[in-house]
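Visitor: If it helps, the file is called run-v9.cif and holds mmCIF, C-alpha atoms:
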```
data_run
#
loop_
_atom_site.label_atom_id
_atom_site.label_comp_id
_atom_site.auth_asym_id
_atom_site.auth_seq_id
_atom_site.Cartn_x
_atom_site.Cartn_y
_atom_site.Cartn_z
CA MET A 1 -133.06 50.41 -80.38
CA SER A 2 -132.35 47.42 -82.61
CA PRO A 3 -131.06 44.34 -80.75
CA LEU A 4 -128.15 44.28 -83.23
CA ALA A 5 -127.14 47.90 -82.67
CA ASP A 6 -124.08 47.13 -80.53
CA LEU A 7 -122.60 44.53 -82.90
CA VAL A 8 -119.48 44.95 -85.02
CA VAL A 9 -119.41 42.97 -88.27
CA ILE A 10 -116.36 42.50 -90.46
CA GLU A 11 -117.23 41.68 -94.06
CA LEU A 12 -114.57 39.71 -95.91
CA ALA A 13 -116.92 38.94 -98.77
CA SER A 14 -117.59 40.15 -102.27
CA VAL A 15 -120.26 39.97 -104.99
CA LEU A 16 -123.75 39.26 -103.58
CA ALA A 17 -124.32 36.53 -100.97
CA GLY A 18 -121.86 37.68 -98.29
CA PRO A 19 -122.40 41.43 -98.82
CA SER A 20 -126.16 40.84 -98.53
CA VAL A 21 -125.53 39.53 -95.02
CA GLY A 22 -123.39 42.55 -94.16
CA MET A 23 -126.08 44.92 -95.36
CA PHE A 24 -128.73 43.03 -93.39
CA PHE A 25 -126.75 43.65 -90.21
CA ALA A 26 -126.27 47.30 -91.17
CA GLU A 27 -130.02 47.65 -91.71
CA HIS A 28 -130.51 46.59 -88.10
CA GLY A 29 -127.98 48.97 -86.61
CA ALA A 30 -124.73 47.00 -86.56
CA ARG A 31 -121.45 48.67 -87.45
CA VAL A 32 -120.26 46.94 -90.63
CA VAL A 33 -116.69 47.26 -91.90
CA LYS A 34 -116.27 46.02 -95.46
CA VAL A 35 -112.68 44.88 -95.94
CA GLU A 36 -111.81 45.06 -99.63
CA ALA A 37 -108.78 43.65 -101.41
CA PRO A 38 -106.71 45.93 -103.69
CA GLY A 39 -108.99 47.14 -106.45
CA GLY A 40 -112.09 46.61 -104.34
CA ASP A 41 -115.07 44.31 -104.56
CA VAL A 42 -115.25 42.95 -108.12
CA THR A 43 -118.81 44.26 -108.48
CA ARG A 44 -117.40 47.79 -108.45
CA ARG A 45 -116.49 46.96 -112.06
CA TRP A 46 -119.80 45.34 -113.09
CA HIS A 47 -121.27 48.27 -114.99
CA LEU A 48 -124.35 48.37 -117.15
CA ALA A 49 -123.72 49.65 -120.66
CA ALA A 50 -125.41 52.93 -119.70
CA GLU A 51 -123.24 53.51 -116.61
CA ASP A 52 -119.98 55.45 -116.30
CA PRO A 53 -117.21 52.80 -116.32
CA ASP A 54 -115.05 55.03 -114.08
CA ASP A 55 -117.65 55.17 -111.30
CA ASP A 56 -116.78 52.63 -108.58
CA ARG A 57 -120.39 52.50 -107.35
CA PRO A 58 -122.34 50.95 -110.23
CA ALA A 59 -125.87 49.70 -109.69
CA TYR A 60 -124.81 46.12 -108.93
CA PHE A 61 -122.43 47.18 -106.16
CA CYS A 62 -125.02 49.54 -104.75
CA ALA A 63 -127.57 46.73 -104.47
CA VAL A 64 -126.08 45.27 -101.27
CA ASN A 65 -123.48 47.66 -99.87
CA TRP A 66 -125.37 50.38 -98.02
CA GLY A 67 -124.53 51.30 -94.45
CA LYS A 68 -120.93 50.06 -94.52
CA ALA A 69 -117.47 51.50 -94.01
CA SER A 70 -114.92 50.50 -96.67
CA VAL A 71 -111.35 49.63 -95.72
CA GLY A 72 -108.75 48.67 -98.29
CA LEU A 73 -106.46 45.87 -97.00
CA ASP A 74 -104.01 43.59 -98.76
CA LEU A 75 -104.15 40.40 -96.73
CA ARG A 76 -101.22 39.00 -98.69
CA THR A 77 -98.98 41.26 -96.57
CA PRO A 78 -98.13 40.68 -92.89
CA ASP A 79 -99.16 44.25 -92.03
CA GLY A 80 -102.52 43.79 -93.78
CA ARG A 81 -103.18 40.63 -91.81
CA ALA A 82 -102.15 42.36 -88.59
CA VAL A 83 -104.69 45.13 -89.21
CA LEU A 84 -107.39 42.54 -89.90
CA HIS A 85 -106.63 40.74 -86.65
CA ARG A 86 -106.89 44.01 -84.72
CA LEU A 87 -110.28 44.58 -86.32
CA VAL A 88 -111.40 41.05 -85.50
CA ALA A 89 -110.34 41.40 -81.86
CA GLU A 90 -113.13 43.95 -81.41
CA ALA A 91 -115.71 42.29 -83.66
CA ASP A 92 -118.71 40.04 -83.12
CA VAL A 93 -119.25 38.56 -86.58
CA VAL A 94 -117.09 37.91 -89.63
CA VAL A 95 -118.72 37.18 -92.98
CA SER A 96 -116.38 35.72 -95.59
CA SER A 97 -116.50 34.25 -99.10
CA PHE A 98 -113.05 32.84 -99.87
CA ARG A 99 -112.41 29.79 -101.99
CA PRO A 100 -111.58 26.72 -99.86
CA GLY A 101 -107.98 27.03 -98.68
CA ALA A 102 -107.57 30.69 -99.60
CA ALA A 103 -108.62 32.08 -96.23
CA ALA A 104 -105.92 30.12 -94.39
CA ARG A 105 -103.22 31.46 -96.69
CA LEU A 106 -104.40 35.00 -95.87
CA GLY A 107 -104.70 34.54 -92.12
CA ALA A 108 -108.46 34.92 -92.43
CA ASP A 109 -109.67 31.38 -91.76
CA ALA A 110 -112.07 30.72 -88.92
CA ASP A 111 -109.53 28.95 -86.70
CA THR A 112 -107.06 31.83 -86.93
CA LEU A 113 -109.68 34.52 -86.42
CA ARG A 114 -111.32 32.72 -83.49
CA SER A 115 -107.90 32.26 -81.86
CA VAL A 116 -107.74 36.07 -81.84
CA ASN A 117 -111.29 36.38 -80.53
CA PRO A 118 -112.95 33.20 -79.14
CA ARG A 119 -116.35 34.94 -78.95
CA LEU A 120 -116.28 35.57 -82.68
CA VAL A 121 -119.01 34.17 -84.93
CA VAL A 122 -117.58 33.32 -88.36
CA VAL A 123 -120.01 32.58 -91.19
CA GLU A 124 -118.47 31.51 -94.49
CA VAL A 125 -119.98 30.98 -97.93
CA ASP A 126 -118.23 29.00 -100.65
CA GLY A 127 -119.28 27.46 -103.93
CA TYR A 128 -119.45 23.70 -103.52
CA GLY A 129 -118.27 22.85 -100.03
CA ALA A 130 -114.97 22.68 -98.20
CA ASP A 131 -113.51 19.91 -100.37
CA ASP A 132 -114.18 21.50 -103.78
CA PRO A 133 -111.83 24.37 -104.67
CA ARG A 134 -113.91 25.76 -107.52
CA ALA A 135 -115.07 29.36 -107.26
CA GLY A 136 -118.83 29.60 -106.90
CA TYR A 137 -120.67 31.70 -109.44
CA ASP A 138 -124.44 31.86 -109.35
CA ALA A 139 -125.02 31.13 -113.04
CA VAL A 140 -122.93 27.96 -112.85
CA VAL A 141 -124.48 26.80 -109.58
CA GLN A 142 -127.97 27.38 -110.98
CA ALA A 143 -127.02 24.95 -113.74
CA GLU A 144 -125.40 22.36 -111.47
CA ALA A 145 -128.21 22.47 -108.90
CA GLY A 146 -130.97 21.78 -111.42
CA PHE A 147 -132.56 25.22 -111.55
CA THR A 148 -131.46 25.99 -115.11
CA PHE A 149 -132.71 22.61 -116.34
CA LEU A 150 -136.13 23.25 -114.74
CA ASN A 151 -136.49 26.84 -115.85
CA GLY A 152 -137.95 27.87 -119.21
CA PRO A 153 -140.73 26.69 -121.55
CA ALA A 154 -141.26 22.98 -122.03
CA ASP A 155 -140.26 23.19 -125.70
CA GLY A 156 -137.39 25.61 -125.10
CA PRO A 157 -133.83 25.42 -123.82
CA PRO A 158 -132.76 25.37 -120.17
CA THR A 159 -132.73 28.97 -118.94
CA LYS A 160 -130.92 30.80 -116.15
CA MET A 161 -133.13 32.75 -113.80
CA PRO A 162 -132.87 36.54 -114.27
CA VAL A 163 -131.53 37.26 -110.78
CA ALA A 164 -128.70 35.60 -108.85
CA LEU A 165 -131.24 33.67 -106.84
CA VAL A 166 -128.76 31.10 -105.51
CA ASP A 167 -126.72 33.91 -103.95
CA VAL A 168 -129.90 35.33 -102.43
CA LEU A 169 -130.91 31.94 -101.01
CA ALA A 170 -127.43 31.37 -99.60
CA ALA A 171 -127.50 34.83 -98.03
CA HIS A 172 -130.68 33.95 -96.16
CA GLN A 173 -129.07 30.77 -94.84
CA LEU A 174 -126.03 32.79 -93.75
CA LYS A 175 -128.20 35.32 -91.93
CA GLU A 176 -130.06 32.55 -90.14
CA ALA A 177 -126.77 30.85 -89.22
CA ALA A 178 -125.28 34.07 -87.89
CA LEU A 179 -128.33 34.91 -85.78
CA VAL A 180 -128.58 31.39 -84.35
CA ALA A 181 -124.86 31.45 -83.54
CA LEU A 182 -125.20 34.82 -81.82
CA LEU A 183 -128.08 33.47 -79.77
CA GLY A 184 -125.92 30.49 -78.83
CA ARG A 185 -123.12 32.84 -77.80
CA GLU A 186 -125.50 34.68 -75.48
CA ARG A 187 -126.18 31.38 -73.72
CA THR A 188 -122.69 29.85 -73.70
CA GLY A 189 -120.28 32.75 -74.17
CA GLU A 190 -118.66 30.88 -77.07
CA GLY A 191 -118.47 31.95 -80.67
CA ALA A 192 -119.01 29.64 -83.62
CA HIS A 193 -117.96 28.76 -87.15
CA VAL A 194 -120.67 28.03 -89.71
CA ARG A 195 -120.21 27.28 -93.41
CA VAL A 196 -122.83 27.51 -96.16
CA SER A 197 -122.25 26.49 -99.78
CA LEU A 198 -124.03 27.97 -102.77
CA LEU A 199 -124.70 24.46 -104.05
CA GLY A 200 -126.08 23.33 -100.69
CA ALA A 201 -128.36 26.36 -100.43
CA ALA A 202 -129.63 25.76 -103.95
CA VAL A 203 -130.29 22.05 -103.45
CA ALA A 204 -132.06 22.72 -100.14
CA SER A 205 -134.26 25.22 -101.99
CA LEU A 206 -135.43 22.73 -104.62
CA ALA A 207 -138.17 22.05 -102.05
CA ASN A 208 -141.16 20.28 -103.62
CA GLN A 209 -139.24 19.61 -106.83
CA ALA A 210 -136.67 17.66 -104.83
CA ALA A 211 -139.45 15.77 -103.02
CA ASN A 212 -141.15 15.01 -106.35
CA TRP A 213 -138.04 13.02 -107.23
CA LEU A 214 -136.97 11.70 -103.83
CA THR A 215 -140.46 10.68 -102.67
CA ALA A 216 -142.53 10.13 -105.82
CA GLY A 217 -139.73 9.09 -108.16
CA VAL A 218 -140.77 11.66 -110.77
CA SER A 219 -137.92 13.55 -112.44
CA PRO A 220 -139.05 17.20 -112.70
CA GLN A 221 -139.08 18.70 -116.18
CA ARG A 222 -139.42 22.17 -117.66
CA MET A 223 -143.04 23.33 -117.64
CA GLY A 224 -142.76 27.05 -118.35
CA SER A 225 -144.60 28.83 -115.55
CA ALA A 226 -146.88 25.89 -114.72
CA HIS A 227 -146.69 24.00 -111.43
CA PRO A 228 -146.18 20.21 -111.40
CA ASN A 229 -148.39 19.65 -108.34
CA ILE A 230 -151.13 22.31 -108.70
CA ALA A 231 -153.37 23.61 -111.49
CA PRO A 232 -154.07 26.27 -112.52
CA TYR A 233 -151.02 27.74 -110.79
CA GLY A 234 -148.35 30.00 -112.28
CA THR A 235 -149.24 29.89 -115.97
CA VAL A 236 -149.48 33.29 -117.64
CA TYR A 237 -152.77 33.92 -119.44
CA ALA A 238 -153.33 36.83 -121.82
CA THR A 239 -156.17 39.29 -121.26
CA ALA A 240 -157.24 42.30 -123.27
CA ALA A 241 -154.73 44.42 -121.34
CA GLY A 242 -151.76 42.26 -120.37
CA GLY A 243 -150.95 38.98 -118.71
CA VAL A 244 -152.37 37.55 -115.50
CA VAL A 245 -151.23 34.70 -113.28
CA LEU A 246 -153.57 32.50 -111.28
CA ALA A 247 -152.51 30.64 -108.12
CA VAL A 248 -155.46 28.39 -107.41
CA GLY A 249 -154.43 26.15 -104.52
CA THR A 250 -157.80 24.78 -103.36
CA ASP A 251 -160.95 23.38 -104.90
CA ARG A 252 -162.97 26.19 -103.31
CA GLN A 253 -160.78 28.75 -105.06
CA PHE A 254 -161.29 26.96 -108.36
CA GLY A 255 -165.05 27.04 -107.88
CA ALA A 256 -164.88 30.78 -107.21
CA LEU A 257 -162.75 31.25 -110.35
CA ALA A 258 -165.27 29.34 -112.42
CA GLU A 259 -168.08 31.53 -111.05
CA ALA A 260 -166.14 34.70 -111.83
CA LEU A 261 -165.63 33.59 -115.42
CA GLY A 262 -169.31 32.71 -115.84
CA ARG A 263 -168.55 28.99 -116.13
CA PRO A 264 -169.74 27.52 -112.81
CA GLU A 265 -170.16 24.11 -114.44
CA TRP A 266 -166.38 23.72 -114.53
CA ALA A 267 -166.36 23.09 -110.79
CA ASP A 268 -168.60 20.04 -111.28
CA ASP A 269 -166.75 18.72 -114.33
CA ALA A 270 -165.06 15.46 -113.33
CA ARG A 271 -161.91 16.64 -115.13
CA PHE A 272 -161.61 19.74 -112.93
CA ALA A 273 -163.49 19.04 -109.69
CA THR A 274 -160.33 18.30 -107.68
CA ASN A 275 -156.77 19.49 -107.88
CA ALA A 276 -155.55 16.00 -108.74
CA ALA A 277 -157.99 15.90 -111.66
CA ARG A 278 -157.00 19.37 -112.82
CA VAL A 279 -153.32 18.37 -112.82
CA ARG A 280 -154.14 15.29 -114.95
CA HIS A 281 -156.24 17.36 -117.37
CA ARG A 282 -154.05 20.44 -117.34
CA ASP A 283 -153.99 20.90 -121.13
CA ALA A 284 -157.79 20.89 -121.46
CA LEU A 285 -158.13 23.33 -118.57
CA ASP A 286 -155.46 25.66 -119.99
CA ALA A 287 -157.28 25.76 -123.32
CA LEU A 288 -160.56 26.74 -121.64
CA LEU A 289 -158.90 29.39 -119.48
CA THR A 290 -156.96 30.83 -122.40
CA ASP A 291 -160.16 31.25 -124.41
CA SER A 292 -162.18 32.63 -121.48
CA LEU A 293 -159.58 35.18 -120.36
CA ALA A 294 -158.46 36.51 -123.76
CA ASP A 295 -160.95 39.39 -124.02
CA ARG A 296 -161.30 40.22 -120.31
CA ASP A 297 -160.54 43.61 -118.82
CA ARG A 298 -157.54 42.73 -116.64
CA ASP A 299 -158.04 45.23 -113.83
CA ALA A 300 -161.76 44.48 -113.48
CA LEU A 301 -161.02 40.76 -113.52
CA LEU A 302 -158.36 41.03 -110.81
CA GLU A 303 -160.63 43.13 -108.64
CA ASP A 304 -163.41 40.55 -108.97
CA LEU A 305 -161.08 37.64 -108.23
CA ALA A 306 -159.69 39.40 -105.16
CA ALA A 307 -163.20 39.92 -103.85
CA ARG A 308 -163.88 36.22 -104.30
CA GLY A 309 -160.67 35.16 -102.57
CA VAL A 310 -159.01 33.81 -105.71
CA PRO A 311 -155.22 34.45 -105.71
CA ALA A 312 -154.30 36.24 -108.95
CA GLY A 313 -152.06 39.06 -110.12
CA ALA A 314 -150.90 41.04 -113.11
CA VAL A 315 -147.61 40.41 -114.91
CA ARG A 316 -145.68 43.63 -114.31
CA ASP A 317 -142.33 44.97 -115.49
CA VAL A 318 -139.85 46.26 -112.91
CA PRO A 319 -140.72 49.98 -113.24
CA THR A 320 -144.40 49.13 -112.67
CA VAL A 321 -143.49 47.02 -109.63
CA PHE A 322 -142.22 50.15 -107.90
CA GLU A 323 -145.59 51.86 -108.27
CA HIS A 324 -146.85 49.59 -105.47
CA PRO A 325 -146.67 51.21 -102.00
CA GLU A 326 -145.08 48.13 -100.45
CA ALA A 327 -142.31 48.16 -103.06
CA ARG A 328 -141.72 51.91 -102.64
CA ARG A 329 -141.41 51.40 -98.88
CA LEU A 330 -138.31 49.28 -99.44
CA VAL A 331 -136.46 51.76 -101.66
CA LEU A 332 -133.29 53.27 -100.21
CA ASP A 333 -132.18 56.67 -101.47
CA ASP A 334 -128.94 58.42 -100.65
CA GLU A 335 -128.93 61.41 -98.31
CA ALA A 336 -128.95 63.88 -101.19
CA GLY A 337 -131.82 62.09 -102.89
CA HIS A 338 -129.81 61.20 -105.99
CA ALA A 339 -131.79 58.72 -108.06
CA ALA A 340 -128.52 57.25 -109.35
CA VAL A 341 -127.77 55.67 -105.95
CA ARG A 342 -130.81 53.65 -104.97
CA THR A 343 -131.63 50.06 -104.10
CA VAL A 344 -134.10 47.99 -102.14
CA ALA A 345 -133.64 46.84 -98.56
CA THR A 346 -135.18 44.03 -96.56
CA GLY A 347 -136.80 46.62 -94.31
CA THR A 348 -134.39 48.94 -92.53
CA ALA A 349 -134.61 49.57 -88.80
CA VAL A 350 -132.13 52.48 -88.95
CA PRO A 351 -131.10 55.08 -91.55
CA LEU A 352 -128.30 53.86 -93.81
CA SER A 353 -125.42 55.73 -95.36
CA PRO A 354 -124.96 55.36 -99.14
CA PRO A 355 -122.60 52.67 -100.48
CA PRO A 356 -118.99 53.68 -99.78
CA ARG A 357 -116.32 54.54 -102.29
CA PHE A 358 -113.42 52.10 -102.24
CA ALA A 359 -111.27 52.58 -99.09
CA ALA A 360 -113.20 55.70 -98.18
CA ASP A 361 -113.08 54.86 -94.47
CA THR A 362 -109.62 53.34 -94.08
CA ARG A 363 -108.14 56.34 -92.26
CA GLN A 364 -111.04 56.56 -89.83
CA VAL A 365 -111.01 52.84 -89.08
CA LEU A 366 -107.24 52.79 -88.54
CA ALA A 367 -107.55 55.75 -86.20
CA GLY A 368 -110.21 53.83 -84.27
CA LEU A 369 -107.67 51.04 -83.81
CA GLY A 370 -105.22 53.52 -82.30
CA LEU A 371 -103.01 53.91 -85.38
CA ASP A 372 -101.91 57.49 -85.97
CA ALA A 373 -101.54 59.25 -89.32
CA ALA A 374 -97.84 58.40 -89.57
CA GLU A 375 -98.51 54.70 -89.10
CA ALA A 376 -101.37 54.84 -91.61
CA ALA A 377 -99.01 56.45 -94.11
CA ARG A 378 -96.41 53.75 -93.49
CA LEU A 379 -98.96 51.00 -94.04
CA ALA A 380 -100.11 52.66 -97.24
CA ALA A 381 -96.55 53.03 -98.49
CA SER A 382 -95.93 49.32 -97.87
CA GLY A 383 -99.05 48.40 -99.85
CA ALA A 384 -100.77 46.83 -96.84
CA VAL A 385 -103.64 49.32 -96.86
CA ALA A 386 -105.33 51.62 -99.34
CA LEU A 387 -106.17 55.07 -98.08
CA GLY A 388 -109.12 56.92 -99.47
CA PRO A 389 -109.14 60.69 -100.02
CA GLU A 390 -108.61 62.88 -96.97
#
```
Please go through the file and, once you have read it, give me the structure as structure tokens.

Guide:
Amino acid sequence: MSPLADLVVIELASVLAGPSVGMFFAEHGARVVKVEAPGGDVTRRWHLAAEDPDDDRPAYFCAVNWGKASVGLDLRTPDGRAVLHRLVAEADVVVSSFRPGAAARLGADADTLRSVNPRLVVVEVDGYGADDPRAGYDAVVQAEAGFTFLNGPADGPPTKMPVALVDVLAAHQLKEAALVALLGRERTGEGAHVRVSLLGAAVASLANQAANWLTAGVSPQRMGSAHPNIAPYGTVYATAAGGVVLAVGTDRQFGALAEALGRPEWADDARFATNAARVRHRDALDALLTDSLADRDRDALLEDLAARGVPAGAVRDVPTVFEHPEARRLVLDDEAGHAAVRTVATGTAVPLSPPPRFAADTRQVLAGLGLDAAEAARLAASGAVALGPE
């Protein structure tokens, strides 16, 4: 049994970062109740052009909402807040993503929730920190955290990354914070309140690029796929059958690459003998590699490089990615096997139910709180809750 199997998680979050945390807990056996405002998570309306605009489970929503129960609550109403507090009284973790100040107005701030349940672990994600009221959107944070400036070809414009990577990075920080806080609760009996900002998660993830500035005083610039500290590393080279990427991190690996390409003398060339030299003479090395790789059979080359211990791989589109067994292992399919409802998981420990329709589980959750059908109907009539189909 998963060590998280007896946990109850209340998700007061939308879009990607917070819901990713909720789904992580669901993957490991926790009961996750997704509390949605009237109209539901905004990503229920983020449809691809090819998708049915009336379907409230488009691909984006389905990416991070498996294994959850959906409850529709209007926290602007006293009855909605009362239902939330009854849920929280029995919960272990709350994941939220309100703008600074909004949670308090809705009775969903950490102080209020932990006054209901002192053992509660509250993990919050916002855009720019507690003192900045702006809503956090990944594309904007990518720009403000330096990622957009650094991404793209050297002679091209700043470019957003093709996934909401800042949300993904923040989600990992939130997961770590929640697990550490739960461990602390096991030792002390006390819950905790932890806040992560999208901007903070992004800046922390600048990693070596941040150190290049803070330590070496070098302002990182766009370099396409090249690496500022290592060569050849990351650049895409054309072969006779598609692109390849090399990730040569040691001088030994470079010597093995030179042998594989029939140019062993490169390893003794003063321009290329060490990584520091290769970084200084990157342009000359790129020209030689481009010429040497252009007419190579890609698959045979990659097989040879793998045998020699040289890190390298093919540039693949997303459909081709899912031909790899390790990628297929992560695919979630709904119980009926419908290809329209699929996503990837981090590695599930338990079977997961498909993403819920909006408010599909409100009646069941209210019943679990001891509220009968008449009370549920009253709450629905007042607008405090949304009831899904019977």

Visitor: Do you know which residues are at most 10 Å from A:Gly39 counting all atoms listed in the file, after dropping those on the same chain fewer than 6 positions away, and could you put them as a count of residues only?

Guide: 8

Visitor: Which residues match the PyMOL selection byres ((chain A and resi 166) around 7) in the file above, as a list in words?

Guide: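 Answer for the PyMOL selection byres ((chain A and resi 166) around 7): Asp138, Gln142, Ala164, Leu165, Asp167, Val168, Leu169, Ala170, Leu198, Ala201 and Ala202 of chain A.
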
Visitor: Counting all atoms listed in the file, which of A:Thr274, A:Thr290, A:Thr188, A:Gln253 gets nearest to A:Val236?

Guide: A:Thr290

Visitor: Report the residues retrieved by the PyMOL selection byres ((chain A and resi 12-28) around 6) from the displayed file, expressed as an NGL selection string.

Guide: :A and (2 or 4 or 11 or 29-30 or 35 or 41 or 43 or 64-65 or 67 or 95-97 or 167-168 or 171 or 175 or 348-350)

Visitor: Where does the PyMOL selection byres ((chain A and resi 7) around 7) land in this file, that is, which residues does it pick, as number ranges by chain?

Guide: A: 4-6, 8-9, 30-31, 92

Visitor: Out of A:Ala258, A:Ala314, A:Ala135, A:Ala231, which residue has the shortest atom-to-atom distance to A:Arg298 when counting all atoms listed in the file?

Guide: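 Nearest candidate to A:Arg298 out of A:Ala258, A:Ala314, A:Ala135, A:Ala231: A:Ala314.
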
Visitor: Env of A:Ser225: 8 Å cut, atoms = only C-alpha atoms, seq-sep filter 4 positions within chain, self excluded. Answer as a ChimeraX atom specification.

Guide: /A:152-153,234-236
